[in-house]
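Peer 1: Sharing a structure below in structure tokens format, with a few things to ask.
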Amino acid sequence: MAALSVNHLLGIKNLNTEDIELIFKTADQFKDVLNRPIKKVPSLRDITIANLFFENSTRTRISFELAEKRLSADTINFSASTSSTKKGETLIDTVNNILAMKVDMVVMRHASPGACVFLARHINAQIINAGDGTHEHPTQALLDAFSMREKLKLTDFKGLRVAILGDITHSRVALSNIFCLTKLGAEVLLCGPPTLIPKHIEALGVRVTHNVKEALNWCDVANVLRIQLERQDIKYFPSLREYSLYYGVNKELLDSLSKKITIMHPGPINRGVELSSDAADSDQSIILQQVENGVAIRMAVLYLLAEQNKRG
Ligand code: CP
């Protein structure tokens, strides 16, 4: 049976194209399971997973927990706001104490870029990155690409044009999407204010524009990202109103394009800022399909990593 080339999921940067395709094929099978009346399989019956969320989350946290339950794993949930980290305990001490209770895998979201890489070097458990600061959010990129593949009935990604719009500088979703889509052969165009697009990002094999209409006219899929105000300690643009005026996507803009494109957003949406409600809720939007696919993708990642561990 095919296997992943990695023992942890720390970022898309560490995966090869075969890994990504294996995750998609496995997710296809789990999606079939999720559409059955009995949505549960015994695959991870002997596995215990700790979900450690040091940053807020709705979708990722619930999606991982549901994926683990669908695979029959035992789960424990840790929230930083109610834990002893508030009393000064280090990350390694916190995780080692949890592992002492015989935990096999750790799913972690943390505000510090590289926190999962650090943990994987110091902890004897498999680590899955559920978002580390402005660095990577690998399962989001996998579910995004899986949703494009499903919506557009793609057999491969070659020639697919994806525009990623918004706050690229502070977005882990943007970086993981760039790695994932370029590995799969898609073309990627980034669009946003010059202050929110990192200098020299073209070195990752993407193009840049600051004109939203040009980006939307070019692409097949637009992945619209949130302005990450919580990560911005200086002002990168004059006001949200101005941002919305120049970089916001709305239905009127979509209707003015020469073709019907697909709209995606990883959530949470700032309605009326980067995306209007009439665009977010339109028949061009696959935002809720992304959320649905997140469970199958996370089941695939958990299952394949557990198989990898069995191989030693
Ligand atoms: N897409 C995403 O990571 O959403 P949450 O922050 O709600 O998990």
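So you can find residues: chains in the structure tokens are A, B, ... in the order shown, residues in each start at 1, and ligands are numbered from 1 in order.
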With only C-alpha atoms and all ligand atoms counted and 9 Å as the cut-off, give the residues of chain A in contact with ligand 1, each with its shortest interatomic distance in Å and the pair that gives it, as CSV.
Peer 2:
residue,atom,partner,partner_atom_place_in_ligand_line,distance
A:Glu55,CA,ligand 1,6 (O),8.3
A:Asn56,CA,ligand 1,6 (O),6.3
A:Ser57,CA,ligand 1,8 (O),3.8
A:Thr58,CA,ligand 1,7 (O),3.5
A:Arg59,CA,ligand 1,7 (O),4.0
A:Thr60,CA,ligand 1,8 (O),3.7
A:Arg61,CA,ligand 1,8 (O),5.8
A:Ile62,CA,ligand 1,8 (O),7.9
A:Ser63,CA,ligand 1,8 (O),8.4
A:Arg109,CA,ligand 1,8 (O),8.9
A:Ala130,CA,ligand 1,3 (O),7.6
A:Gly131,CA,ligand 1,3 (O),7.0
A:His137,CA,ligand 1,3 (O),7.4
A:Thr139,CA,ligand 1,3 (O),8.9
A:Gln140,CA,ligand 1,1 (N),6.3
A:Val173,CA,ligand 1,1 (N),7.8
A:His265,CA,ligand 1,1 (N),8.1
A:Pro266,CA,ligand 1,1 (N),4.4
A:Gly267,CA,ligand 1,1 (N),4.8
A:Pro268,CA,ligand 1,4 (O),5.8
A:Val291,CA,ligand 1,1 (N),8.3
Peer 1: Within region 120-230 of chain A, find each residue whose DSSP state, derived from the backbone, is strand (DSSP E or B), and express the selection as a ChimeraX atom specification.
Peer 2: /A:126-132,161-165,187-191,207-209,221-224
Peer 1: List as an mmCIF file with C-alpha atoms, in the first residue's frame the protein and nucleic acid residues near Leu184 (chain A), meaning an atom at most 12 Å away when only C-alpha atoms are counted, but skip any in the same chain fewer than 3 places from it.
Peer 2:
data_model
loop_
_atom_site.group_PDB
_atom_site.id
_atom_site.type_symbol
_atom_site.label_atom_id
_atom_site.label_comp_id
_atom_site.auth_asym_id
_atom_site.auth_seq_id
_atom_site.Cartn_x
_atom_site.Cartn_y
_atom_site.Cartn_z
ATOM 1 C CA ILE A 12 2.863 21.463 2.846
ATOM 2 C CA LEU A 15 5.092 17.001 1.324
ATOM 3 C CA ASN A 16 5.713 15.766 -2.211
ATOM 4 C CA THR A 17 3.109 15.596 -4.985
ATOM 5 C CA GLU A 18 2.545 11.849 -4.378
ATOM 6 C CA ASP A 19 1.777 12.562 -0.694
ATOM 7 C CA ILE A 20 -0.835 15.160 -1.666
ATOM 8 C CA GLU A 21 -2.445 12.854 -4.239
ATOM 9 C CA PHE A 24 -6.841 13.204 -1.816
ATOM 10 C CA ALA A 141 -4.540 24.070 1.908
ATOM 11 C CA LEU A 142 -5.266 20.370 1.380
ATOM 12 C CA ALA A 145 -7.220 22.083 -3.259
ATOM 13 C CA PHE A 146 -9.453 19.018 -2.689
ATOM 14 C CA MET A 148 -11.258 22.820 -6.233
ATOM 15 C CA ARG A 149 -10.604 19.310 -7.591
ATOM 16 C CA LEU A 154 -10.179 18.063 -12.142
ATOM 17 C CA THR A 155 -8.100 15.027 -13.071
ATOM 18 C CA ASP A 156 -5.019 17.190 -12.515
ATOM 19 C CA PHE A 157 -4.287 20.806 -11.605
ATOM 20 C CA LYS A 158 -2.138 21.688 -14.625
ATOM 21 C CA GLY A 159 -3.383 24.917 -16.199
ATOM 22 C CA LEU A 160 -5.770 25.710 -13.329
ATOM 23 C CA ARG A 161 -5.621 29.428 -12.505
ATOM 24 C CA VAL A 162 -6.034 30.331 -8.836
ATOM 25 C CA ASN A 177 -1.984 27.194 -0.599
ATOM 26 C CA ILE A 178 0.967 28.514 -2.614
ATOM 27 C CA PHE A 179 3.073 25.437 -1.753
ATOM 28 C CA CYS A 180 0.181 23.020 -2.412
ATOM 29 C CA LEU A 181 -1.077 24.516 -5.677
ATOM 30 C CA GLU A 187 -0.831 28.745 -11.739
ATOM 31 C CA VAL A 188 -1.122 31.137 -8.784
#
Peer 1: Measuring atom to atom with only C-alpha atoms, identify which of A:Leu257, A:Val301, A:Ile197, A:Leu275 is nearest to Leu240 (chain A).
Peer 2: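 Distance minimum relative to Leu240 (chain A) lands on A:Leu275.
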Peer 1: Leaving out region 4-7 of chain A and any residue of its chain fewer than 5 positions from it, which residues lie within 7 Å of it when counting only C-alpha atoms, given as a list in words?
Peer 2: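 Skipping anything fewer than 5 positions along the chain leaves Asp19, Gln126, Leu304, Leu305, Gln308 and Asn309 of chain A.
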Peer 1: Output C-alpha atoms of each residue in that selection to a file, as a PDB file, in the first residue's frame.
Peer 2:
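And here is the file that came out, again.pdb:
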ATOM      1  CA  ASP A  19       1.777  12.562  -0.694  1.00  0.00           C
ATOM      2  CA  GLN A 126       3.273  12.447  15.794  1.00  0.00           C
ATOM      3  CA  LEU A 304      -2.243   7.914   6.825  1.00  0.00           C
ATOM      4  CA  LEU A 305      -0.011   9.211   9.632  1.00  0.00           C
ATOM      5  CA  GLN A 308       3.024   5.474   8.752  1.00  0.00           C
ATOM      6  CA  ASN A 309       3.683   5.071  12.482  1.00  0.00           C
TER       7      ASN A 309
END
Peer 1: Skip Asn270 (chain A) itself and residues of its chain fewer than 2 positions away, then list as an MDAnalysis selection string all residues within 10 Å of it, counting only C-alpha atoms.
Peer 2: chainID A and resid 225:228 267:268 272:277
Peer 1: So, counting only C-alpha atoms, which residue among A:Ile38, A:Val103, A:Ile168, A:Ala163 is closest to Pro193 (chain A)?
Peer 2: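 Using only C-alpha atoms, Pro193 (chain A) sits closest to A:Ile168.
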Peer 1: Let me make sure I understand: among A:Met105, A:Ala279, A:Ile76, A:Leu22, which one has the smallest atom-to-atom distance to Ala306 (chain A) if we use only C-alpha atoms?
Peer 2: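 Ranking A:Met105, A:Ala279, A:Ile76, A:Leu22 by distance to Ala306 (chain A), first place goes to A:Met105.
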Peer 1: Compare A:His210, A:His122, A:His8, A:Arg298 by their minimum atom-to-atom distance to Ile23 (chain A), counting only C-alpha atoms, and give me the closest one.
Peer 2: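 So, comparing all the options, the nearest one is A:Arg298.
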Peer 1: Can you measure CA of Gln290 (chain A) to CA of Gln29 (chain A) for me? One decimal in Å is fine.
Peer 2: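 About the pair CA of Gln290 (chain A) and CA of Gln29 (chain A): they are 16.6 Å apart.
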Peer 1: Would you mind writing down, as a list in words, each residue of region 129-184 of chain A that DSSP on the backbone assigns to alpha helix (DSSP H)?
Peer 2: Pro138, Thr139, Gln140, Ala141, Leu142, Leu143, Asp144, Ala145, Phe146, Ser147, Met148, Arg149, Glu150, Lys151, Arg172, Val173, Ala174, Leu175, Ser176, Asn177, Ile178, Phe179, Cys180, Leu181, Thr182, Lys183 and Leu184 of chain A
Peer 1: Export, as an mmCIF file, in the first residue's frame, the selected residues with C-alpha atoms.
Peer 2:
data_model
loop_
_atom_site.group_PDB
_atom_site.id
_atom_site.type_symbol
_atom_site.label_atom_id
_atom_site.label_comp_id
_atom_site.auth_asym_id
_atom_site.auth_seq_id
_atom_site.Cartn_x
_atom_site.Cartn_y
_atom_site.Cartn_z
ATOM 1 C CA PRO A 138 -1.453 22.523 5.855
ATOM 2 C CA THR A 139 -4.841 20.851 6.301
ATOM 3 C CA GLN A 140 -6.574 24.066 5.142
ATOM 4 C CA ALA A 141 -4.540 24.070 1.908
ATOM 5 C CA LEU A 142 -5.266 20.370 1.380
ATOM 6 C CA LEU A 143 -9.018 20.844 1.845
ATOM 7 C CA ASP A 144 -8.932 23.934 -0.397
ATOM 8 C CA ALA A 145 -7.220 22.083 -3.259
ATOM 9 C CA PHE A 146 -9.453 19.018 -2.689
ATOM 10 C CA SER A 147 -12.535 21.284 -2.952
ATOM 11 C CA MET A 148 -11.258 22.820 -6.233
ATOM 12 C CA ARG A 149 -10.604 19.310 -7.591
ATOM 13 C CA GLU A 150 -14.155 18.260 -6.630
ATOM 14 C CA LYS A 151 -15.962 21.396 -7.842
ATOM 15 C CA ARG A 172 -0.648 30.911 6.873
ATOM 16 C CA VAL A 173 -3.450 29.820 4.527
ATOM 17 C CA ALA A 174 -1.833 31.765 1.664
ATOM 18 C CA LEU A 175 1.608 30.204 2.154
ATOM 19 C CA SER A 176 0.275 26.636 2.445
ATOM 20 C CA ASN A 177 -1.984 27.194 -0.599
ATOM 21 C CA ILE A 178 0.967 28.514 -2.614
ATOM 22 C CA PHE A 179 3.073 25.437 -1.753
ATOM 23 C CA CYS A 180 0.181 23.020 -2.412
ATOM 24 C CA LEU A 181 -1.077 24.516 -5.677
ATOM 25 C CA THR A 182 2.346 25.075 -7.259
ATOM 26 C CA LYS A 183 3.407 21.497 -6.343
ATOM 27 C CA LEU A 184 0.254 20.253 -8.106
#
Peer 1: Excluding Gln232 (chain A) and residues on its chain fewer than 2 positions from it, collect all residues at most 12 Å away from it, counting only C-alpha atoms, and give them as a tab-separated table (two decimals) with C-alpha atoms, in the first residue's frame.
Peer 2:
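Written file, around_27.tsv:
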chain	number	residue	atom	x	y	z
A	134	THR	CA	1.82	33.35	9.99
A	167	ASP	CA	-3.67	39.80	3.38
A	169	THR	CA	1.73	38.76	4.45
A	170	HIS	CA	-0.02	37.56	7.61
A	171	SER	CA	-1.74	34.50	6.14
A	195	THR	CA	1.75	46.57	1.95
A	196	LEU	CA	0.11	43.15	2.43
A	227	ILE	CA	-7.59	40.79	6.82
A	228	GLN	CA	-5.75	39.50	9.91
A	229	LEU	CA	-6.11	42.57	12.11
A	230	GLU	CA	-4.98	40.59	15.18
A	234	ILE	CA	0.88	48.84	12.46
A	235	LYS	CA	-1.62	50.19	9.91
A	236	TYR	CA	-1.16	48.55	6.49
A	237	PHE	CA	-4.04	50.43	4.80
Peer 1: Could you tell me which of A:Glu307, A:Trp218, A:Ile269, A:Gly248 comes closest to Ala2 (chain A) if we count only C-alpha atoms?
Peer 2: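 Result for the nearest residue to Ala2 (chain A): A:Glu307.
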Peer 1: Just checking: using only C-alpha atoms, which residue out of A:Leu302, A:Ile123, A:Ile297, A:Leu152 ends up closest to Asp93 (chain A)?
Peer 2: A:Ile123
Peer 1: Determine, counting only C-alpha atoms, which protein, DNA and RNA residues have an atom within 12 Å of an atom of Asn97 (chain A); residues of the same chain fewer than 5 positions away are not included. Present the result as an mmCIF file with all heavy atoms, in the first residue's frame.
Peer 2:
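The new file out_11.cif reads:
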data_model
loop_
_atom_site.group_PDB
_atom_site.id
_atom_site.type_symbol
_atom_site.label_atom_id
_atom_site.label_comp_id
_atom_site.auth_asym_id
_atom_site.auth_seq_id
_atom_site.Cartn_x
_atom_site.Cartn_y
_atom_site.Cartn_z
ATOM 1 N N ALA A 50 -4.464 14.166 21.138
ATOM 2 C CA ALA A 50 -4.672 15.396 21.919
ATOM 3 C C ALA A 50 -4.789 16.569 20.964
ATOM 4 O O ALA A 50 -3.931 16.756 20.088
ATOM 5 C CB ALA A 50 -3.498 15.618 22.865
ATOM 6 N N SER A 84 -2.713 25.315 32.571
ATOM 7 C CA SER A 84 -1.638 25.798 33.450
ATOM 8 C C SER A 84 -0.555 26.574 32.697
ATOM 9 O O SER A 84 0.414 27.023 33.320
ATOM 10 C CB SER A 84 -1.015 24.619 34.192
ATOM 11 O OG SER A 84 -1.935 24.133 35.135
ATOM 12 N N THR A 85 -0.698 26.715 31.363
ATOM 13 C CA THR A 85 0.250 27.613 30.651
ATOM 14 C C THR A 85 0.098 29.018 31.205
ATOM 15 O O THR A 85 1.026 29.802 31.188
ATOM 16 C CB THR A 85 0.018 27.614 29.125
ATOM 17 O OG1 THR A 85 -1.344 27.921 28.859
ATOM 18 C CG2 THR A 85 0.369 26.292 28.492
ATOM 19 N N GLU A 89 3.818 27.474 32.700
ATOM 20 C CA GLU A 89 4.374 26.198 32.237
ATOM 21 C C GLU A 89 4.827 26.306 30.781
ATOM 22 O O GLU A 89 4.156 26.951 29.960
ATOM 23 C CB GLU A 89 3.289 25.108 32.361
ATOM 24 C CG GLU A 89 3.831 23.708 32.202
ATOM 25 C CD GLU A 89 2.789 22.636 32.546
ATOM 26 O OE1 GLU A 89 1.624 22.785 32.145
ATOM 27 O OE2 GLU A 89 3.158 21.667 33.224
ATOM 28 N N THR A 90 5.977 25.684 30.433
ATOM 29 C CA THR A 90 6.474 25.782 29.058
ATOM 30 C C THR A 90 5.668 24.863 28.130
ATOM 31 O O THR A 90 4.994 23.927 28.595
ATOM 32 C CB THR A 90 7.951 25.345 28.960
ATOM 33 O OG1 THR A 90 8.022 23.946 29.265
ATOM 34 C CG2 THR A 90 8.850 26.151 29.880
ATOM 35 N N LEU A 91 5.835 25.105 26.827
ATOM 36 C CA LEU A 91 5.135 24.280 25.836
ATOM 37 C C LEU A 91 5.575 22.821 25.954
ATOM 38 O O LEU A 91 4.732 21.910 25.974
ATOM 39 C CB LEU A 91 5.425 24.832 24.431
ATOM 40 C CG LEU A 91 4.839 24.047 23.262
ATOM 41 C CD1 LEU A 91 3.320 23.998 23.334
ATOM 42 C CD2 LEU A 91 5.272 24.672 21.925
ATOM 43 N N ILE A 92 6.887 22.588 26.072
ATOM 44 C CA ILE A 92 7.389 21.199 26.131
ATOM 45 C C ILE A 92 6.897 20.516 27.401
ATOM 46 O O ILE A 92 6.469 19.351 27.359
ATOM 47 C CB ILE A 92 8.927 21.174 26.033
ATOM 48 C CG1 ILE A 92 9.310 21.547 24.592
ATOM 49 C CG2 ILE A 92 9.490 19.815 26.403
ATOM 50 C CD1 ILE A 92 10.728 21.320 24.222
ATOM 51 N N LYS A 102 -0.199 8.717 27.900
ATOM 52 C CA LYS A 102 -0.234 7.769 26.756
ATOM 53 C C LYS A 102 -1.028 8.301 25.561
ATOM 54 O O LYS A 102 -1.995 7.696 25.116
ATOM 55 C CB LYS A 102 -0.801 6.405 27.181
ATOM 56 C CG LYS A 102 -0.148 5.797 28.398
ATOM 57 C CD LYS A 102 1.119 5.053 28.026
ATOM 58 C CE LYS A 102 1.764 4.413 29.239
ATOM 59 N NZ LYS A 102 3.059 4.953 29.598
ATOM 60 N N VAL A 103 -0.597 9.446 25.083
ATOM 61 C CA VAL A 103 -1.200 10.045 23.877
ATOM 62 C C VAL A 103 -0.297 9.727 22.684
ATOM 63 O O VAL A 103 0.926 9.756 22.793
ATOM 64 C CB VAL A 103 -1.347 11.570 24.080
ATOM 65 C CG1 VAL A 103 -1.652 12.270 22.773
ATOM 66 C CG2 VAL A 103 -2.441 11.851 25.099
ATOM 67 N N ILE A 123 9.557 16.011 21.096
ATOM 68 C CA ILE A 123 8.466 15.224 21.688
ATOM 69 C C ILE A 123 8.340 13.906 20.939
ATOM 70 O O ILE A 123 8.456 13.860 19.724
ATOM 71 C CB ILE A 123 7.130 16.011 21.542
ATOM 72 C CG1 ILE A 123 7.164 17.303 22.357
ATOM 73 C CG2 ILE A 123 5.931 15.175 21.894
ATOM 74 C CD1 ILE A 123 7.110 17.118 23.831
ATOM 75 N N ASN A 124 8.080 12.826 21.679
ATOM 76 C CA ASN A 124 7.955 11.514 21.058
ATOM 77 C C ASN A 124 6.483 11.224 20.717
ATOM 78 O O ASN A 124 5.855 10.378 21.350
ATOM 79 C CB ASN A 124 8.532 10.451 21.997
ATOM 80 C CG ASN A 124 8.566 9.097 21.327
ATOM 81 O OD1 ASN A 124 8.562 9.005 20.095
ATOM 82 N ND2 ASN A 124 8.545 8.042 22.128
#
Peer 1: In Å to one decimal, how far is CA of Asn129 (chain A) from CA of Pro42 (chain A)?
Peer 2: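 Calculated distance between CA of Pro42 (chain A) and CA of Asn129 (chain A) is 23.7 Å.
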Peer 1: Take CA of Met1 (chain A) and CA of Lys310 (chain A) and report the distance between them in Å, one decimal.
Peer 2: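 Going from CA of Met1 (chain A) over to CA of Lys310 (chain A), I get 12.7 Å.
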